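Participant: The following block contains the structure, expressed as structure tokens.
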Amino acid sequence: MRQLIIIGSGPAGLTAAIYAARANLNPLVVASSVDVGGELMNTTEVENFPGFPEGIQGPDLMAKLQAQAERFGAEIRYDDAVELELDGPVKRVVLGTGNVEEASAIVFATGSAYRKIGIEGEQRLSGHGVSWCATCDGFFFREQEIAVVGGGDSAMEEATFLTRFASKVYLIHRRDELRASKIMQERAFNDPKIEFVWNSEVVDILGESAVTGVVLKSTVDGSMRELPLQGVFVAIGNDPRTHLVHGKLELTAEGTVWVDGRSSRTSVPGVFAAGDVIDPTYRQAATAAGSGTVAALDAEHYLAALGEAGAPQVDADEISGRPEVAPSPAA
Amino acid sequence: MTAKATTSATFEQDVLQADGPVLVDFWAEWCGPCRMVSPVLDEIATENPDKITVLKLNVDENPDLAMKYQITSIPAMKVFEKGEVKTSIIGAKPKFALEQDLAAYLK
């Protein structure tokens with residue numbers, strides 16, 4: 001049996017792996033079979049990760065984090081966790097290949113998944129003009145008119161990136177102000193190819209075999225109008241990837257995995273969580289890395305106590321201060 | 001074993017005139033998910049040598065074929081039989097999910 005299994009290979013999982021490997025815990029990282037590296041694999045320039053004054057490409061940053069974890073002995077497995085057994089002193093991770101790995105402690109860092117608008121045309125035309133990955137699919141919209149839906153940093157980044165290819169990028173947002181950081185907003189405002197469409201909700205995506213337009217509903221007066229275009233990039237946020245732990249770990253009202261205060265301790269002893277999956281607010285590469293650090297240190301502490309005392313004696317119900325609802329970020 | 005590449009020049013012979021089913025993986029260097037799914041397709045090809053052929057098509061270098069087959073999202077995997085597209089898969093998926101999508105050819 002292993003000491004520690006880390007599920008996830010984004011900044012949280014790999015930073016946890018670096019710390020755990022340096023603490024000689026020989027962690028196994030279940031990196032997934034196709035989402036290795038997490039969300040940063042689909043980004044281009046990362047300008048806000050400390051230590052890279054010139055910026056760094058998302059996939060390059062993840063390759064460096066992985067190399068750093070491997071240098072200290074972390075084992076990376078390109079497989080998916082499909083089922084977890086978390087109760088009791090031996091945690092089991094069932095992998096996509098059918099193999100079962102066992103460990104005394106788990107770090108759960110599965111990140112978050114793209115949120116969908118939730119309208120019929122979105123699913124039907126997915127891959128036929130509806131996309132969640134500007135860096136993958138922007139190329140196919142040369143000299144075409146497209147839309148980015150959203151108002152956060154990732155929407156600004158996608159819109160700005162897509163102007164390399166598209167003749168025009170509509171930025172469709174439900175409100176009349178943006179959630180995005182000032183620098184990203186300004187970049188988008190100053191781009192002559194980007195046109196902002198304020199106070200508008202996408203209620204339908206039109207087209208038979210390819211996108212031909214969207215139907216917009218005004219959030220001010222409810223009026224409807226059609227906007228002809230050839231592509232829709234959805235960037236309206238992310239939802240924590242918690243399906244593996246439903247009914248096993250306590251969640252917050254926001255749907256993230258509940259952790260005890262500033263620690264990474266979940267409602268089950270020996271199970272620690274880190275990164276976007278516990279964070280409804282900040283969700284940055286740097287905060288995820290910090291969160292992964294916390295999880296590795298908590299796991300190390302837990303494993304050391306196990307070594308001294310044998311089986312863990314902490315009962316989940318005895319963890320003090322567990323809130324009924326999600327704590328506010330300021331708490 | 002890494003799958004061979006096909007191009008606009010060889011596509012007719014490699015894919016459209018091929019005897020058995022051919023899976024064409026439309027990909028590009030700058031596509032992160034493409035790089036993830038590529039070794040998975042190689043594995044499937046290696047494990048099913050007599051059942052399906054896997055070929056890679058770089059959309060950067062062969063934009064005419066990307067346009068002809070209306071590719072707007074990659075990775076896109078299309079299975080050709082007797083010159084016609086029989087199955088289309090879009091987006092990187094785990095091996096077991098791809099094997100399910102391709103079950104008809106892997107029997």
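In the structure tokens, chains take letters A, B, ... by order of appearance, with residues numbered from 1 within each chain and ligands from 1 in the order shown.
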Report as a list in words all protein, DNA and RNA residues lying within 9 Å of Tyr78 of chain A, evaluated on only C-alpha atoms, omitting residues in the same chain fewer than 3 positions from it.
Facilitator: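 Once the nearby chain positions are removed, what remains is Val29, Val30, Ala31, Ser32, Ser33, Val34 and Val36 of chain A.
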Participant: Just the strand (DSSP E) stuff from segment 16-85 of chain B, please, per backbone DSSP, written as a list in words.
Facilitator: Val22, Leu23, Val24, Asp25, Phe26, Trp27, Thr53, Val54, Leu55, Lys56, Leu57, Asn58, Ala76, Met77, Lys78, Val79, Phe80, Glu81, Glu84 and Val85 of chain B
Participant: Return the neighbours of chain A among the residues of chain B, cut-off 10 Å, counting only C-alpha atoms, as a compact mmCIF listing (two decimals) with C-alpha atoms, in the first residue's frame.
Facilitator:
# COMPACT_ATOMS: atom_id res chain seq x y z
CA TRP B 27 -4.90 17.52 -35.27
CA ALA B 28 -2.47 20.44 -34.93
CA GLU B 29 0.70 21.24 -32.98
CA TRP B 30 -0.94 24.05 -31.03
CA CYS B 31 -3.86 21.93 -29.82
CA GLY B 32 -3.21 20.64 -26.28
CA PRO B 33 -6.04 18.09 -26.23
CA CYS B 34 -4.79 16.71 -29.58
CA ARG B 35 -1.44 15.91 -28.02
CA MET B 36 -3.23 14.12 -25.19
CA VAL B 37 -5.42 11.94 -27.38
CA SER B 38 -2.72 11.09 -29.90
CA PRO B 39 -0.94 8.37 -27.84
CA VAL B 40 -4.32 6.88 -26.91
CA VAL B 59 -4.90 20.62 -40.31
CA ASP B 60 -2.29 23.39 -40.42
CA PRO B 63 -6.34 23.14 -44.61
CA ALA B 66 -10.04 20.35 -42.88
CA MET B 67 -12.39 22.59 -44.83
CA GLN B 70 -16.04 20.82 -42.11
CA ILE B 71 -13.67 20.55 -39.19
CA THR B 72 -14.30 23.36 -36.70
CA SER B 73 -13.05 21.68 -33.56
CA ILE B 74 -10.05 19.46 -32.92
CA PRO B 75 -9.14 16.83 -32.09
CA ALA B 76 -11.68 15.46 -34.57
CA ILE B 89 -15.80 11.78 -32.77
CA ILE B 90 -15.01 15.27 -31.51
CA GLY B 91 -12.81 16.15 -28.56
CA ALA B 92 -10.23 14.28 -26.49
CA LYS B 93 -11.67 11.36 -24.56
CA PRO B 94 -10.29 8.63 -22.30
CA LYS B 95 -9.36 5.35 -23.94
CA PHE B 96 -12.40 3.42 -22.73
CA ALA B 97 -14.73 6.11 -24.11
Participant: Using only C-alpha atoms, determine which residues lie at most 9 Å from Ser8 of chain B, disregarding the query and same-chain residues fewer than 2 positions distant; provide the list as number ranges by chain.
Facilitator: B: 6, 10-12, 57, 61-65
Participant: If you run DSSP over the backbone, which residues in chain B end up helix (DSSP H, G or I)? Put them as an MDAnalysis selection string.
Facilitator: chainID B and resid 11:16 32:47 63:68 95:101 103:106
